[in-house]
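**Student:** To start, I am sharing the structure in question, which I have written as structure tokens.
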Amino acid sequence: MGAILAGQQPPPAPVVLVTGARILDAARGRYLAPAAILVEGDRIAAVTPGPPSPMPAVTAHVKADGAVVVPGLLDAHAWGAPAPDLDADYFYLMGLAHGVTGYRVLNARTSWAVAQRARAAAGDVLAPRLWTSGRGINQGASPDRWLFDAPDARAAAAEAARQVAAKVDWIAGYEALGPESYQALAAAARQAGVRVSGRPGAASMADLAAAGVASIETLAFPLKASAGPTDDSWPEVGARDLAALQAGLLRRRVTLVPLMAAAAARAFPEEALKDPSMALLPAARRAALEARLSRTAADAPKRRRAWASQAAFLVRFVRAGGRVAAGTGFEFDGYPVPGGGVHRELAAFVRAGLTPAEAIRAATAAGSALVGAQTGGAGLSAGAPADFFVVTGDPLTRIEDLSAITHVVRAGELLDPKALLALARRGAEPKAK
């Protein structure tokens, strides 16, 4: 009988031991002394100066002498829903392969997104931890599985209430919503403790902050709203007005998700065309993206002026204590590429003038604070979720070293980034008809 009962028990939780690596304390921007990290199940069981004694029966031992352990990154504006040519697993595998163990997925069919979040939490699907909105709420949108058309503030509030009832983590508003609609969204969500994100357009950044959003996606239309698709106003905004905008964002504790890599691609398209991660996209999507980037070359000079103004504002905002999280926004322009796009975003932050430590904090501690997660905080400690990755090099000196990933641990499972990329590539291959 005992043998029969034993056979019905779940398999023992994996035990992973990582030794010899320094730990990157993301919140303080420093390295901690080399340590041994013991993982049991989906949690860190112990962090000790040397291997634990007695040595447990480990499932896997990663000898990482001279390497660095980094808390898992969080993409604060991820696309993680099926597309006509890419399934959701592609986005998940690409994220994990690049050390991204958390996705804040904005704009997804509500019931599907909530179910996916539960499946990821239960381990039924190999994915980053998911925090999700429902359908993006916009005005004049073509209603489909991913977007809801809200012609006025009342309709926006009603859809927000439906999504709150479905247990979403976020309400995502988009660029055609005006200030009144955002005020209605924030009021509908506030009572349930759900946050609202906003994309500037018909409501400026200043309008969004005043409406009570928790995060602003992209640096666009800082003071004046516009129904147009592009914003070239940044170089003309005066220092006093920008200082007032900054003060309002700080006072209301708004997190900026600036999507700087996408803005850099519009300003420096010739550099984006050389991004090696584009090879991970399906051929048809890659060709379309390359054509689109090539067409933007004529507008690049004015986009560079806007980029310089946005970069200067970003640095001042961070140095003043402002909250910035790293997101990619793949659904807008198809760039930057999922997973690797977080690294492009951090490189763009450094290009703008932030230090590597400040950039990494945006994808760890700041992103985790935005979604209310325990991961990504000040170093890795006993009891914390086992979400981290191992890199070679010195990412606090060279942000590019953050992508030199040898191992990924997500919820205690040891993953091979090369194997994850191979699976993602297979998922991006044309399907047989």
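Going through the structure tokens in order, the chains are called A, B, and so on, while each chain numbers its residues from 1 and the ligands are numbered from 1 in the order shown.
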I'd like to know which residues of stretch 136-381 of chain A are helix (DSSP H, G or I) (by DSSP, run on the backbone); could you write them as a short mmCIF file (atom, residue, chain, number, x, y, z; two decimals) with N, CA and C atoms, in the first residue's frame?

**Tutor:**
```cif
data_model
loop_
_atom_site.label_atom_id
_atom_site.label_comp_id
_atom_site.auth_asym_id
_atom_site.auth_seq_id
_atom_site.Cartn_x
_atom_site.Cartn_y
_atom_site.Cartn_z
N ALA A 153 -16.93 58.70 -22.37
CA ALA A 153 -16.44 58.36 -21.04
C ALA A 153 -17.31 57.30 -20.37
N ARG A 154 -18.62 57.37 -20.60
CA ARG A 154 -19.50 56.39 -19.96
C ARG A 154 -19.20 54.98 -20.47
N ALA A 155 -19.01 54.83 -21.77
CA ALA A 155 -18.69 53.52 -22.33
C ALA A 155 -17.34 53.03 -21.83
N ALA A 156 -16.38 53.94 -21.70
CA ALA A 156 -15.06 53.56 -21.19
C ALA A 156 -15.17 53.03 -19.77
N ALA A 157 -15.93 53.73 -18.93
CA ALA A 157 -16.10 53.30 -17.53
C ALA A 157 -16.81 51.96 -17.45
N ALA A 158 -17.81 51.73 -18.31
CA ALA A 158 -18.54 50.47 -18.28
C ALA A 158 -17.63 49.30 -18.67
N GLU A 159 -16.78 49.50 -19.67
CA GLU A 159 -15.86 48.43 -20.05
C GLU A 159 -14.82 48.20 -18.95
N ALA A 160 -14.36 49.27 -18.31
CA ALA A 160 -13.43 49.11 -17.20
C ALA A 160 -14.06 48.29 -16.09
N ALA A 161 -15.34 48.54 -15.79
CA ALA A 161 -16.03 47.78 -14.75
C ALA A 161 -16.13 46.31 -15.12
N ARG A 162 -16.38 46.01 -16.40
CA ARG A 162 -16.46 44.62 -16.83
C ARG A 162 -15.10 43.93 -16.65
N GLN A 163 -14.03 44.65 -16.99
CA GLN A 163 -12.71 44.05 -16.85
C GLN A 163 -12.32 43.87 -15.39
N VAL A 164 -12.69 44.81 -14.56
CA VAL A 164 -12.43 44.67 -13.12
C VAL A 164 -13.14 43.42 -12.59
N ALA A 165 -14.37 43.22 -13.02
CA ALA A 165 -15.12 42.04 -12.57
C ALA A 165 -14.47 40.75 -13.05
N PRO A 179 -9.16 63.22 -22.00
CA PRO A 179 -9.03 63.31 -20.54
C PRO A 179 -10.25 62.83 -19.78
N GLU A 180 -11.45 63.16 -20.25
CA GLU A 180 -12.66 62.74 -19.53
C GLU A 180 -12.78 61.22 -19.46
N SER A 181 -12.42 60.55 -20.55
CA SER A 181 -12.49 59.09 -20.55
C SER A 181 -11.46 58.51 -19.58
N TYR A 182 -10.29 59.10 -19.52
CA TYR A 182 -9.29 58.61 -18.58
C TYR A 182 -9.72 58.85 -17.14
N GLN A 183 -10.35 59.97 -16.89
CA GLN A 183 -10.86 60.21 -15.54
C GLN A 183 -11.91 59.16 -15.17
N ALA A 184 -12.75 58.79 -16.14
CA ALA A 184 -13.77 57.77 -15.89
C ALA A 184 -13.13 56.41 -15.66
N LEU A 185 -12.09 56.08 -16.43
CA LEU A 185 -11.39 54.81 -16.23
C LEU A 185 -10.79 54.73 -14.84
N ALA A 186 -10.11 55.80 -14.46
CA ALA A 186 -9.44 55.80 -13.15
C ALA A 186 -10.45 55.69 -12.02
N ALA A 187 -11.58 56.37 -12.15
CA ALA A 187 -12.60 56.30 -11.10
C ALA A 187 -13.20 54.91 -11.01
N ALA A 188 -13.44 54.26 -12.17
CA ALA A 188 -14.02 52.92 -12.17
C ALA A 188 -13.07 51.89 -11.60
N ALA A 189 -11.78 52.08 -11.85
CA ALA A 189 -10.79 51.09 -11.41
C ALA A 189 -10.35 51.30 -9.96
N ARG A 190 -10.39 52.55 -9.51
CA ARG A 190 -9.81 52.88 -8.20
C ARG A 190 -10.49 52.11 -7.07
N MET A 205 0.46 63.97 -21.69
CA MET A 205 1.05 63.39 -20.49
C MET A 205 0.56 64.11 -19.24
N ALA A 206 0.47 65.42 -19.31
CA ALA A 206 -0.03 66.19 -18.17
C ALA A 206 -1.48 65.84 -17.87
N ASP A 207 -2.29 65.66 -18.92
CA ASP A 207 -3.69 65.27 -18.73
C ASP A 207 -3.79 63.90 -18.06
N LEU A 208 -2.97 62.96 -18.52
CA LEU A 208 -3.00 61.61 -17.98
C LEU A 208 -2.64 61.60 -16.50
N ALA A 209 -1.61 62.35 -16.15
CA ALA A 209 -1.22 62.42 -14.74
C ALA A 209 -2.35 63.00 -13.90
N ALA A 210 -2.97 64.06 -14.38
CA ALA A 210 -4.06 64.68 -13.64
C ALA A 210 -5.26 63.75 -13.51
N ALA A 211 -5.46 62.87 -14.50
CA ALA A 211 -6.59 61.95 -14.46
C ALA A 211 -6.40 60.82 -13.46
N TRP A 234 8.41 68.09 -28.70
CA TRP A 234 9.37 68.09 -27.59
C TRP A 234 10.42 69.20 -27.67
N PRO A 235 11.08 69.39 -28.81
CA PRO A 235 12.13 70.43 -28.82
C PRO A 235 11.62 71.84 -28.56
N GLU A 236 10.30 72.06 -28.79
CA GLU A 236 9.75 73.41 -28.62
C GLU A 236 9.20 73.67 -27.22
N ALA A 239 11.67 74.99 -20.85
CA ALA A 239 12.21 74.35 -19.65
C ALA A 239 11.26 74.50 -18.46
N ARG A 240 10.61 75.67 -18.34
CA ARG A 240 9.71 75.88 -17.21
C ARG A 240 8.50 74.95 -17.30
N ASP A 241 7.98 74.76 -18.51
CA ASP A 241 6.83 73.87 -18.69
C ASP A 241 7.21 72.42 -18.40
N LEU A 242 8.40 72.02 -18.84
CA LEU A 242 8.84 70.65 -18.56
C LEU A 242 9.08 70.44 -17.08
N ALA A 243 9.58 71.46 -16.40
CA ALA A 243 9.77 71.36 -14.95
C ALA A 243 8.43 71.19 -14.25
N ALA A 244 7.40 71.90 -14.73
CA ALA A 244 6.07 71.76 -14.14
C ALA A 244 5.51 70.36 -14.40
N LEU A 245 5.72 69.84 -15.62
CA LEU A 245 5.28 68.48 -15.93
C LEU A 245 5.97 67.48 -15.01
N GLN A 246 7.27 67.62 -14.87
CA GLN A 246 8.02 66.72 -14.00
C GLN A 246 7.50 66.77 -12.57
N ALA A 247 7.24 67.96 -12.08
CA ALA A 247 6.75 68.10 -10.70
C ALA A 247 5.41 67.40 -10.54
N GLY A 248 4.53 67.53 -11.54
CA GLY A 248 3.23 66.87 -11.46
C GLY A 248 3.34 65.36 -11.48
N LEU A 249 4.23 64.83 -12.31
CA LEU A 249 4.45 63.38 -12.36
C LEU A 249 5.00 62.86 -11.04
N LEU A 250 5.94 63.61 -10.47
CA LEU A 250 6.53 63.21 -9.19
C LEU A 250 5.49 63.26 -8.07
N ARG A 251 4.71 64.33 -8.05
CA ARG A 251 3.73 64.51 -6.98
C ARG A 251 2.69 63.39 -7.01
N MET A 260 11.72 53.76 -25.11
CA MET A 260 12.77 54.53 -25.76
C MET A 260 13.43 53.78 -26.91
N ALA A 261 13.44 52.46 -26.88
CA ALA A 261 14.05 51.72 -27.99
C ALA A 261 13.27 51.93 -29.28
N ALA A 262 11.94 51.94 -29.17
CA ALA A 262 11.12 52.19 -30.35
C ALA A 262 11.33 53.61 -30.86
N ALA A 263 11.44 54.58 -29.94
CA ALA A 263 11.70 55.96 -30.35
C ALA A 263 13.08 56.09 -30.99
N ALA A 264 14.06 55.36 -30.46
CA ALA A 264 15.41 55.39 -31.04
C ALA A 264 15.41 54.80 -32.44
N ALA A 265 14.58 53.77 -32.66
CA ALA A 265 14.51 53.17 -34.00
C ALA A 265 13.98 54.17 -35.02
N ARG A 266 13.05 55.02 -34.61
CA ARG A 266 12.54 56.05 -35.52
C ARG A 266 13.57 57.16 -35.74
N ALA A 267 14.37 57.43 -34.72
CA ALA A 267 15.38 58.48 -34.83
C ALA A 267 16.66 58.00 -35.50
N PRO A 269 17.10 54.92 -37.64
CA PRO A 269 16.64 53.68 -38.29
C PRO A 269 17.78 52.83 -38.83
N GLU A 270 18.86 53.46 -39.23
CA GLU A 270 19.97 52.68 -39.78
C GLU A 270 20.58 51.77 -38.72
N GLU A 271 20.50 52.15 -37.46
CA GLU A 271 21.01 51.31 -36.39
C GLU A 271 20.05 50.17 -36.09
N ALA A 272 18.76 50.46 -36.07
CA ALA A 272 17.78 49.41 -35.82
C ALA A 272 17.83 48.33 -36.90
N PRO A 276 20.66 42.50 -34.50
CA PRO A 276 20.67 41.07 -34.82
C PRO A 276 19.44 40.31 -34.34
N SER A 277 18.74 40.86 -33.34
CA SER A 277 17.57 40.14 -32.83
C SER A 277 16.43 40.10 -33.85
N MET A 278 16.48 40.96 -34.88
CA MET A 278 15.44 40.92 -35.90
C MET A 278 15.44 39.61 -36.66
N ALA A 279 16.55 38.88 -36.63
CA ALA A 279 16.62 37.58 -37.30
C ALA A 279 15.69 36.57 -36.63
N LEU A 280 15.22 36.86 -35.42
CA LEU A 280 14.34 35.94 -34.70
C LEU A 280 12.87 36.13 -35.07
N ALA A 283 10.13 35.69 -41.40
CA ALA A 283 10.70 36.40 -42.54
C ALA A 283 9.78 37.51 -43.06
N ALA A 284 8.49 37.23 -43.17
CA ALA A 284 7.57 38.24 -43.70
C ALA A 284 7.46 39.43 -42.77
N ARG A 285 7.40 39.17 -41.48
CA ARG A 285 7.31 40.27 -40.51
C ARG A 285 8.61 41.08 -40.51
N ARG A 286 9.73 40.38 -40.60
CA ARG A 286 11.03 41.08 -40.62
C ARG A 286 11.15 41.97 -41.85
N ALA A 287 10.72 41.47 -43.01
CA ALA A 287 10.80 42.27 -44.24
C ALA A 287 9.93 43.51 -44.14
N ALA A 288 8.73 43.35 -43.58
CA ALA A 288 7.84 44.51 -43.43
C ALA A 288 8.43 45.54 -42.47
N LEU A 289 9.04 45.06 -41.40
CA LEU A 289 9.65 45.97 -40.44
C LEU A 289 10.83 46.70 -41.07
N GLU A 290 11.65 45.99 -41.82
CA GLU A 290 12.80 46.62 -42.47
C GLU A 290 12.34 47.69 -43.46
N ALA A 291 11.27 47.39 -44.19
CA ALA A 291 10.74 48.38 -45.13
C ALA A 291 10.23 49.61 -44.41
N ARG A 292 9.54 49.39 -43.29
CA ARG A 292 9.01 50.51 -42.52
C ARG A 292 10.14 51.37 -41.94
N LEU A 293 11.17 50.73 -41.42
CA LEU A 293 12.30 51.48 -40.87
C LEU A 293 13.00 52.27 -41.97
N SER A 294 13.12 51.69 -43.15
CA SER A 294 13.78 52.39 -44.25
C SER A 294 12.99 53.63 -44.65
N ARG A 295 11.66 53.53 -44.59
CA ARG A 295 10.84 54.69 -44.97
C ARG A 295 10.94 55.83 -43.98
N THR A 296 11.33 55.54 -42.74
CA THR A 296 11.40 56.61 -41.73
C THR A 296 12.67 57.44 -41.85
N ALA A 297 13.59 57.06 -42.73
CA ALA A 297 14.88 57.76 -42.80
C ALA A 297 14.71 59.24 -43.10
N ALA A 298 13.73 59.59 -43.94
CA ALA A 298 13.53 61.00 -44.31
C ALA A 298 13.16 61.85 -43.10
N ASP A 299 12.45 61.27 -42.14
CA ASP A 299 12.01 62.01 -40.96
C ASP A 299 13.01 61.92 -39.80
N ALA A 300 14.09 61.19 -40.00
CA ALA A 300 15.01 60.92 -38.90
C ALA A 300 15.59 62.19 -38.26
N PRO A 301 15.98 63.23 -39.02
CA PRO A 301 16.57 64.41 -38.35
C PRO A 301 15.66 65.03 -37.31
N LYS A 302 14.37 65.25 -37.64
CA LYS A 302 13.48 65.85 -36.63
C LYS A 302 13.18 64.86 -35.51
N ARG A 303 13.17 63.56 -35.82
CA ARG A 303 12.97 62.57 -34.76
C ARG A 303 14.16 62.56 -33.80
N ARG A 304 15.36 62.83 -34.32
CA ARG A 304 16.54 62.88 -33.45
C ARG A 304 16.46 64.06 -32.49
N ARG A 305 15.92 65.18 -32.99
CA ARG A 305 15.77 66.33 -32.10
C ARG A 305 14.78 66.00 -30.98
N ALA A 306 13.69 65.35 -31.33
CA ALA A 306 12.71 64.95 -30.32
C ALA A 306 13.33 63.95 -29.35
N TRP A 307 14.09 62.99 -29.90
CA TRP A 307 14.76 61.99 -29.04
C TRP A 307 15.67 62.67 -28.02
N ALA A 308 16.46 63.65 -28.46
CA ALA A 308 17.39 64.33 -27.55
C ALA A 308 16.63 65.02 -26.42
N SER A 309 15.49 65.66 -26.75
CA SER A 309 14.70 66.33 -25.72
C SER A 309 14.08 65.32 -24.75
N GLN A 310 13.57 64.21 -25.29
CA GLN A 310 12.99 63.18 -24.43
C GLN A 310 14.05 62.56 -23.54
N ALA A 311 15.24 62.31 -24.10
CA ALA A 311 16.32 61.71 -23.32
C ALA A 311 16.71 62.62 -22.16
N ALA A 312 16.83 63.92 -22.43
CA ALA A 312 17.21 64.85 -21.37
C ALA A 312 16.15 64.88 -20.27
N PHE A 313 14.87 64.85 -20.69
CA PHE A 313 13.79 64.85 -19.69
C PHE A 313 13.84 63.58 -18.86
N LEU A 314 14.06 62.45 -19.51
CA LEU A 314 14.11 61.17 -18.81
C LEU A 314 15.19 61.17 -17.73
N VAL A 315 16.37 61.67 -18.07
CA VAL A 315 17.47 61.69 -17.11
C VAL A 315 17.13 62.60 -15.93
N ARG A 316 16.60 63.80 -16.24
CA ARG A 316 16.24 64.72 -15.14
C ARG A 316 15.18 64.10 -14.25
N PHE A 317 14.22 63.42 -14.85
CA PHE A 317 13.14 62.80 -14.09
C PHE A 317 13.66 61.73 -13.15
N VAL A 318 14.53 60.88 -13.65
CA VAL A 318 15.09 59.82 -12.81
C VAL A 318 15.95 60.40 -11.69
N ARG A 319 16.77 61.38 -12.01
CA ARG A 319 17.66 61.97 -10.99
C ARG A 319 16.87 62.73 -9.93
N PHE A 330 5.81 46.09 -28.30
CA PHE A 330 5.95 45.44 -29.60
C PHE A 330 4.71 45.61 -30.48
N GLU A 331 3.53 45.72 -29.87
CA GLU A 331 2.31 45.76 -30.68
C GLU A 331 2.16 47.04 -31.48
N PHE A 332 2.91 48.08 -31.16
CA PHE A 332 2.74 49.35 -31.86
C PHE A 332 3.43 49.34 -33.23
N ASP A 333 4.71 49.02 -33.26
CA ASP A 333 5.48 49.10 -34.50
C ASP A 333 6.18 47.79 -34.86
N GLY A 340 14.50 40.19 -26.41
CA GLY A 340 15.69 41.02 -26.60
C GLY A 340 15.37 42.49 -26.58
N GLY A 341 14.11 42.85 -26.81
CA GLY A 341 13.73 44.25 -26.79
C GLY A 341 13.95 44.92 -25.44
N VAL A 342 13.84 44.16 -24.36
CA VAL A 342 14.11 44.75 -23.04
C VAL A 342 15.57 45.20 -22.97
N HIS A 343 16.46 44.40 -23.52
CA HIS A 343 17.88 44.78 -23.52
C HIS A 343 18.12 45.99 -24.42
N ARG A 344 17.39 46.07 -25.54
CA ARG A 344 17.49 47.26 -26.38
C ARG A 344 16.97 48.48 -25.64
N GLU A 345 15.92 48.30 -24.86
CA GLU A 345 15.37 49.42 -24.08
C GLU A 345 16.38 49.90 -23.05
N LEU A 346 17.04 48.98 -22.37
CA LEU A 346 18.02 49.38 -21.37
C LEU A 346 19.22 50.06 -22.03
N ALA A 347 19.62 49.57 -23.20
CA ALA A 347 20.70 50.23 -23.93
C ALA A 347 20.29 51.64 -24.33
N ALA A 348 19.02 51.82 -24.70
CA ALA A 348 18.53 53.15 -25.04
C ALA A 348 18.53 54.06 -23.82
N PHE A 349 18.20 53.53 -22.65
CA PHE A 349 18.27 54.32 -21.43
C PHE A 349 19.69 54.82 -21.19
N VAL A 350 20.66 53.93 -21.36
CA VAL A 350 22.06 54.32 -21.15
C VAL A 350 22.48 55.34 -22.20
N ARG A 351 22.05 55.13 -23.42
CA ARG A 351 22.35 56.11 -24.47
C ARG A 351 21.77 57.48 -24.11
N ALA A 352 20.60 57.47 -23.49
CA ALA A 352 19.96 58.74 -23.10
C ALA A 352 20.73 59.46 -22.00
N PRO A 356 24.22 52.36 -16.24
CA PRO A 356 23.73 50.98 -16.33
C PRO A 356 22.94 50.55 -15.10
N ALA A 357 23.37 50.97 -13.93
CA ALA A 357 22.64 50.60 -12.70
C ALA A 357 21.24 51.18 -12.71
N GLU A 358 21.08 52.44 -13.14
CA GLU A 358 19.75 53.05 -13.21
C GLU A 358 18.87 52.35 -14.24
N ALA A 359 19.48 51.96 -15.36
CA ALA A 359 18.72 51.26 -16.39
C ALA A 359 18.25 49.90 -15.90
N ILE A 360 19.14 49.14 -15.28
CA ILE A 360 18.78 47.81 -14.78
C ILE A 360 17.69 47.91 -13.72
N ARG A 361 17.76 48.94 -12.90
CA ARG A 361 16.74 49.13 -11.87
C ARG A 361 15.36 49.29 -12.51
N ALA A 362 15.30 49.92 -13.69
CA ALA A 362 14.01 50.13 -14.35
C ALA A 362 13.38 48.81 -14.78
N ALA A 365 13.70 46.33 -9.99
CA ALA A 365 12.99 46.86 -8.83
C ALA A 365 11.83 47.77 -9.21
N ALA A 366 12.04 48.66 -10.19
CA ALA A 366 10.97 49.60 -10.56
C ALA A 366 9.82 48.89 -11.24
N GLY A 367 10.14 47.94 -12.13
CA GLY A 367 9.08 47.19 -12.78
C GLY A 367 8.28 46.37 -11.79
N SER A 368 8.98 45.75 -10.84
CA SER A 368 8.29 44.95 -9.84
C SER A 368 7.39 45.82 -8.95
N ALA A 369 7.88 47.00 -8.60
CA ALA A 369 7.06 47.91 -7.80
C ALA A 369 5.81 48.33 -8.57
N LEU A 370 5.94 48.51 -9.87
CA LEU A 370 4.79 48.93 -10.68
C LEU A 370 3.68 47.90 -10.63
N VAL A 371 4.03 46.62 -10.72
CA VAL A 371 3.01 45.57 -10.74
C VAL A 371 2.72 45.00 -9.35
#
```

**Student:** Quick one: everything within 9 Å of stretch 31-41 of chain A, counting only C-alpha atoms, minus sequence neighbours fewer than 4 positions away in the same chain. Send it as a PyMOL selection string.

**Tutor:** chain A and resi 12-26+45-52+58+65-68+379-382+386+396+411-413

**Student:** Using the selection just defined, write its residues with N, CA and C atoms as a short mmCIF file (atom, residue, chain, number, x, y, z; two decimals), in the first residue's frame.

**Tutor:**
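Once everything was written out, this is again28.cif:
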```
data_model
loop_
_atom_site.label_atom_id
_atom_site.label_comp_id
_atom_site.auth_asym_id
_atom_site.auth_seq_id
_atom_site.Cartn_x
_atom_site.Cartn_y
_atom_site.Cartn_z
N PRO A 12 9.19 15.05 -6.70
CA PRO A 12 9.84 15.99 -5.79
C PRO A 12 10.19 17.29 -6.49
N ALA A 13 10.14 18.37 -5.76
CA ALA A 13 10.46 19.68 -6.33
C ALA A 13 11.92 19.72 -6.73
N PRO A 14 12.25 20.39 -7.84
CA PRO A 14 13.65 20.47 -8.24
C PRO A 14 14.47 21.24 -7.22
N VAL A 15 15.72 20.84 -7.10
CA VAL A 15 16.67 21.52 -6.21
C VAL A 15 17.83 21.99 -7.08
N VAL A 16 17.99 23.28 -7.21
CA VAL A 16 19.03 23.87 -8.05
C VAL A 16 20.00 24.62 -7.16
N LEU A 17 21.28 24.45 -7.42
CA LEU A 17 22.32 25.13 -6.66
C LEU A 17 23.20 25.91 -7.64
N VAL A 18 23.34 27.21 -7.39
CA VAL A 18 24.22 28.07 -8.18
C VAL A 18 25.33 28.55 -7.26
N THR A 19 26.57 28.31 -7.65
CA THR A 19 27.70 28.69 -6.77
C THR A 19 28.70 29.54 -7.54
N GLY A 20 29.41 30.37 -6.78
CA GLY A 20 30.56 31.12 -7.30
C GLY A 20 30.27 32.46 -7.92
N ALA A 21 29.02 32.82 -8.12
CA ALA A 21 28.69 34.07 -8.81
C ALA A 21 28.41 35.19 -7.84
N ARG A 22 28.78 36.39 -8.24
CA ARG A 22 28.35 37.58 -7.50
C ARG A 22 26.87 37.81 -7.75
N ILE A 23 26.20 38.43 -6.79
CA ILE A 23 24.78 38.76 -6.94
C ILE A 23 24.66 40.25 -7.20
N LEU A 24 23.91 40.59 -8.22
CA LEU A 24 23.68 42.00 -8.52
C LEU A 24 22.51 42.49 -7.67
N ASP A 25 22.80 43.44 -6.79
CA ASP A 25 21.78 44.10 -5.99
C ASP A 25 21.21 45.22 -6.87
N ALA A 26 20.08 44.94 -7.51
CA ALA A 26 19.55 45.87 -8.51
C ALA A 26 19.10 47.18 -7.90
N ALA A 45 15.71 28.93 -1.34
CA ALA A 45 15.71 28.36 0.00
C ALA A 45 16.78 28.99 0.88
N ALA A 46 17.92 29.34 0.29
CA ALA A 46 19.01 29.90 1.10
C ALA A 46 20.01 30.60 0.20
N VAL A 47 20.65 31.64 0.74
CA VAL A 47 21.77 32.31 0.09
C VAL A 47 22.89 32.33 1.13
N THR A 48 23.97 31.60 0.88
CA THR A 48 25.03 31.43 1.86
C THR A 48 26.38 31.73 1.22
N PRO A 49 27.40 32.07 2.02
CA PRO A 49 28.72 32.38 1.46
C PRO A 49 29.32 31.24 0.65
N GLY A 50 29.04 30.02 1.07
CA GLY A 50 29.53 28.85 0.35
C GLY A 50 28.43 27.81 0.23
N PRO A 51 28.73 26.68 -0.42
CA PRO A 51 27.71 25.63 -0.57
C PRO A 51 27.17 25.22 0.78
N PRO A 52 25.88 24.92 0.87
CA PRO A 52 25.28 24.55 2.15
C PRO A 52 25.85 23.24 2.66
N VAL A 58 21.02 17.77 -5.07
CA VAL A 58 20.59 18.77 -6.04
C VAL A 58 20.23 18.12 -7.37
N ASP A 65 31.51 30.41 -11.34
CA ASP A 65 32.63 31.21 -10.85
C ASP A 65 32.91 32.38 -11.81
N GLY A 66 32.99 33.57 -11.24
CA GLY A 66 33.28 34.76 -12.03
C GLY A 66 32.09 35.37 -12.74
N ALA A 67 30.94 34.73 -12.66
CA ALA A 67 29.74 35.24 -13.33
C ALA A 67 28.94 36.13 -12.38
N VAL A 68 27.81 36.61 -12.87
CA VAL A 68 26.93 37.50 -12.10
C VAL A 68 25.51 36.95 -12.16
N GLY A 379 18.51 42.58 -4.56
CA GLY A 379 19.21 41.31 -4.44
C GLY A 379 18.25 40.15 -4.33
N LEU A 380 18.79 38.97 -4.15
CA LEU A 380 18.02 37.74 -4.06
C LEU A 380 18.22 37.16 -2.68
N SER A 381 17.12 36.85 -2.00
CA SER A 381 17.22 36.40 -0.62
C SER A 381 16.33 35.20 -0.39
N ALA A 382 16.56 34.52 0.73
CA ALA A 382 15.78 33.33 1.08
C ALA A 382 14.30 33.68 1.16
N ALA A 386 12.11 32.27 -7.09
CA ALA A 386 13.35 31.91 -7.77
C ALA A 386 13.27 32.30 -9.24
N LEU A 396 27.15 46.23 -14.80
CA LEU A 396 27.13 47.56 -14.18
C LEU A 396 28.12 48.52 -14.84
N ALA A 411 10.79 30.47 -11.70
CA ALA A 411 9.99 29.70 -10.75
C ALA A 411 10.71 28.42 -10.35
N GLY A 412 12.04 28.51 -10.21
CA GLY A 412 12.83 27.38 -9.76
C GLY A 412 13.26 26.42 -10.84
N GLU A 413 12.77 26.60 -12.06
CA GLU A 413 13.13 25.70 -13.15
C GLU A 413 14.35 26.25 -13.89
#
```

**Student:** Pick out each residue of stretch 153-317 of chain A that DSSP on the backbone tags as strand (DSSP E); I need them as a list in words.

**Tutor:** Trp170, Ile171, Ala172, Arg195, Val196, Ser197, Gly198, Ser215, Ile216, Glu217, Thr255, Leu256 and Val257 of chain A

**Student:** Output N, CA and C atoms for every residue in the selection just made, as an mmCIF file, in the first residue's frame.

**Tutor:**
```
data_model
loop_
_atom_site.group_PDB
_atom_site.id
_atom_site.type_symbol
_atom_site.label_atom_id
_atom_site.label_comp_id
_atom_site.auth_asym_id
_atom_site.auth_seq_id
_atom_site.Cartn_x
_atom_site.Cartn_y
_atom_site.Cartn_z
ATOM 1 N N TRP A 170 -4.809 45.240 -14.703
ATOM 2 C CA TRP A 170 -4.666 46.586 -15.240
ATOM 3 C C TRP A 170 -5.827 46.925 -16.155
ATOM 4 N N ILE A 171 -6.076 48.217 -16.296
ATOM 5 C CA ILE A 171 -6.941 48.750 -17.342
ATOM 6 C C ILE A 171 -6.026 49.535 -18.278
ATOM 7 N N ALA A 172 -6.038 49.205 -19.558
ATOM 8 C CA ALA A 172 -5.127 49.844 -20.511
ATOM 9 C C ALA A 172 -5.890 50.773 -21.440
ATOM 10 N N ARG A 195 -5.176 49.314 -11.360
ATOM 11 C CA ARG A 195 -4.518 50.506 -11.879
ATOM 12 C C ARG A 195 -4.815 50.698 -13.363
ATOM 13 N N VAL A 196 -4.563 51.932 -13.822
ATOM 14 C CA VAL A 196 -4.819 52.310 -15.210
ATOM 15 C C VAL A 196 -3.517 52.781 -15.838
ATOM 16 N N SER A 197 -3.272 52.331 -17.058
ATOM 17 C CA SER A 197 -2.157 52.853 -17.848
ATOM 18 C C SER A 197 -2.722 53.677 -18.993
ATOM 19 N N GLY A 198 -1.980 54.690 -19.413
ATOM 20 C CA GLY A 198 -2.458 55.547 -20.485
ATOM 21 C C GLY A 198 -1.387 55.835 -21.512
ATOM 22 N N SER A 215 0.526 54.647 -14.792
ATOM 23 C CA SER A 215 1.690 54.653 -15.685
ATOM 24 C C SER A 215 1.323 55.308 -16.998
ATOM 25 N N ILE A 216 2.334 55.922 -17.621
ATOM 26 C CA ILE A 216 2.192 56.550 -18.928
ATOM 27 C C ILE A 216 3.116 55.826 -19.880
ATOM 28 N N GLU A 217 2.537 55.345 -20.997
ATOM 29 C CA GLU A 217 3.285 54.552 -21.969
ATOM 30 C C GLU A 217 3.724 55.446 -23.125
ATOM 31 N N THR A 255 4.435 56.356 -12.866
ATOM 32 C CA THR A 255 5.562 55.647 -13.458
ATOM 33 C C THR A 255 5.562 55.877 -14.962
ATOM 34 N N LEU A 256 6.714 56.250 -15.504
ATOM 35 C CA LEU A 256 6.858 56.394 -16.945
ATOM 36 C C LEU A 256 7.388 55.094 -17.536
ATOM 37 N N VAL A 257 6.744 54.633 -18.597
ATOM 38 C CA VAL A 257 7.235 53.491 -19.379
ATOM 39 C C VAL A 257 7.543 54.077 -20.759
#
```
